[in-house]
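Some notes on the structure that comes next.
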Amino acid sequence: MFARHCPRVDELKSLATSSSRVSNRVKRHVERCETCNQVVTQLRQDAELIGDLREASLSLDDRRRQEIVEICRKVASASDREG
Ligand SMILES: [Zn+2]
């Protein structure tokens, strides 16, 4: 699915979370490569979601928090099987 010249996933992850540490080569590539662009968009949404969850979890009681942890665990293991 990745073209040979695509940056590594951890480079795309850096771009999604803090673009300041990412080389211009990677940035330029992502602008042109639809596959990498989608990966970065997805990673960015994940990062936002995790931030939201972290914030929301501060106002939850332990039982609700445990339920959410369980849901995340199921989602994570489901996506492991896909890959
Ligand atoms: Zn690419």
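FYI, nothing fancy with the structure tokens labels: chains A, B, ... in order, residues from 1 per chain, ligands from 1 as they appear.
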
Need the shell around region 11-17 of chain A: protein/DNA/RNA residues with any atom at most 7 Å away, counting only C-alpha atoms. Skip same-chain ones fewer than 2 positions apart. Format as a ChimeraX atom specification?
/A:7-9,19,22,40,43-44

Please identify which residues in chain A DSSP calls helix (DSSP H, G or I) from the backbone, and express them as number ranges by chain.
A: 9-17, 19-21, 24-32, 34-57, 62-82

Tell me which of A:Gln42, A:Gln66, A:Ser79, A:Thr35 sits closest to ligand 1, counting only C-alpha atoms and all ligand atoms.
A:Thr35

Sorted by chain and rising residue number, which residues of chain A lie within 7 Å of ligand 1, and what are their closest atom pairs and distances in Å to one decimal, counting only C-alpha atoms and all ligand atoms, as JSON lines?
{"residue": "A:Phe2", "atom": "CA", "partner": "ligand 1", "partner_atom_place_in_ligand_line": "1 (Zn)", "distance": 6.2}
{"residue": "A:Ala3", "atom": "CA", "partner": "ligand 1", "partner_atom_place_in_ligand_line": "1 (Zn)", "distance": 6.0}
{"residue": "A:His5", "atom": "CA", "partner": "ligand 1", "partner_atom_place_in_ligand_line": "1 (Zn)", "distance": 6.8}
{"residue": "A:Cys6", "atom": "CA", "partner": "ligand 1", "partner_atom_place_in_ligand_line": "1 (Zn)", "distance": 3.9}
{"residue": "A:Pro7", "atom": "CA", "partner": "ligand 1", "partner_atom_place_in_ligand_line": "1 (Zn)", "distance": 6.4}
{"residue": "A:His29", "atom": "CA", "partner": "ligand 1", "partner_atom_place_in_ligand_line": "1 (Zn)", "distance": 6.2}
{"residue": "A:Val30", "atom": "CA", "partner": "ligand 1", "partner_atom_place_in_ligand_line": "1 (Zn)", "distance": 6.0}
{"residue": "A:Cys33", "atom": "CA", "partner": "ligand 1", "partner_atom_place_in_ligand_line": "1 (Zn)", "distance": 4.6}
{"residue": "A:Glu34", "atom": "CA", "partner": "ligand 1", "partner_atom_place_in_ligand_line": "1 (Zn)", "distance": 6.8}
{"residue": "A:Thr35", "atom": "CA", "partner": "ligand 1", "partner_atom_place_in_ligand_line": "1 (Zn)", "distance": 5.5}
{"residue": "A:Cys36", "atom": "CA", "partner": "ligand 1", "partner_atom_place_in_ligand_line": "1 (Zn)", "distance": 4.3}

I need the residues from that last selection saved to file as a PDB file, in the first residue's frame (with N, CA and C atoms), if you can.
ATOM      1  N   PHE A   2       2.015   1.253   0.674  1.00  0.00           N
ATOM      2  CA  PHE A   2       2.891   2.409   0.652  1.00  0.00           C
ATOM      3  C   PHE A   2       3.811   2.336  -0.563  1.00  0.00           C
ATOM      4  N   ALA A   3       3.993   3.470  -1.214  1.00  0.00           N
ATOM      5  CA  ALA A   3       4.998   3.525  -2.267  1.00  0.00           C
ATOM      6  C   ALA A   3       6.380   3.430  -1.615  1.00  0.00           C
ATOM      7  N   HIS A   5       9.023   5.178  -1.793  1.00  0.00           N
ATOM      8  CA  HIS A   5       9.656   6.403  -1.324  1.00  0.00           C
ATOM      9  C   HIS A   5       8.877   7.091  -0.212  1.00  0.00           C
ATOM     10  N   CYS A   6       7.797   6.466   0.265  1.00  0.00           N
ATOM     11  CA  CYS A   6       7.013   7.077   1.335  1.00  0.00           C
ATOM     12  C   CYS A   6       7.802   7.081   2.643  1.00  0.00           C
ATOM     13  N   PRO A   7       7.603   8.141   3.451  1.00  0.00           N
ATOM     14  CA  PRO A   7       8.267   8.167   4.758  1.00  0.00           C
ATOM     15  C   PRO A   7       7.739   7.059   5.674  1.00  0.00           C
ATOM     16  N   HIS A  29       6.321  15.568   0.689  1.00  0.00           N
ATOM     17  CA  HIS A  29       5.827  14.275   0.224  1.00  0.00           C
ATOM     18  C   HIS A  29       4.348  14.112   0.576  1.00  0.00           C
ATOM     19  N   VAL A  30       4.002  14.428   1.820  1.00  0.00           N
ATOM     20  CA  VAL A  30       2.629  14.228   2.294  1.00  0.00           C
ATOM     21  C   VAL A  30       1.646  15.108   1.524  1.00  0.00           C
ATOM     22  N   CYS A  33       1.268  13.042  -1.731  1.00  0.00           N
ATOM     23  CA  CYS A  33       0.921  11.620  -1.684  1.00  0.00           C
ATOM     24  C   CYS A  33      -0.407  11.436  -0.953  1.00  0.00           C
ATOM     25  N   GLU A  34      -1.384  10.918  -1.666  1.00  0.00           N
ATOM     26  CA  GLU A  34      -2.719  10.785  -1.090  1.00  0.00           C
ATOM     27  C   GLU A  34      -2.729   9.773   0.053  1.00  0.00           C
ATOM     28  N   THR A  35      -1.974   8.697  -0.120  1.00  0.00           N
ATOM     29  CA  THR A  35      -1.927   7.656   0.914  1.00  0.00           C
ATOM     30  C   THR A  35      -1.402   8.224   2.230  1.00  0.00           C
ATOM     31  N   CYS A  36      -0.261   8.908   2.158  1.00  0.00           N
ATOM     32  CA  CYS A  36       0.339   9.467   3.371  1.00  0.00           C
ATOM     33  C   CYS A  36      -0.541  10.568   3.957  1.00  0.00           C
TER      34      CYS A  36
END

Hey, which of A:Lys27, A:Ser77, A:Glu67, A:Cys72 ends up closest to Leu49 (chain A)? Count only C-alpha atoms.
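Ranked by minimum distance to Leu49 (chain A), first place goes to A:Cys72.
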
Would you work out the distance separating CA of Val69 (chain A) from CA of Gln45 (chain A), expressed in Å to one decimal?
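Distance reported for this atom pair: 18.4 Å.
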
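Between Ser18 (chain A) and the residues A:Leu60, A:Ala76, A:Ile71, A:Ala47, the shortest atom-to-atom distance, using only C-alpha atoms, involves A:Ala47.
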
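The interatomic distance for the pair CA of Glu31 (chain A) and CA of Asp10 (chain A) works out to 16.9 Å.
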
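Residue nearest Ile50 (chain A), chosen from A:Ile68, A:Arg63, A:Lys74, A:Asn37 and counting only C-alpha atoms: A:Ile68.
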
Please compute the CA of Gly51 (chain A)-CA of Arg64 (chain A) distance, one decimal, in Å.
17.1 Å
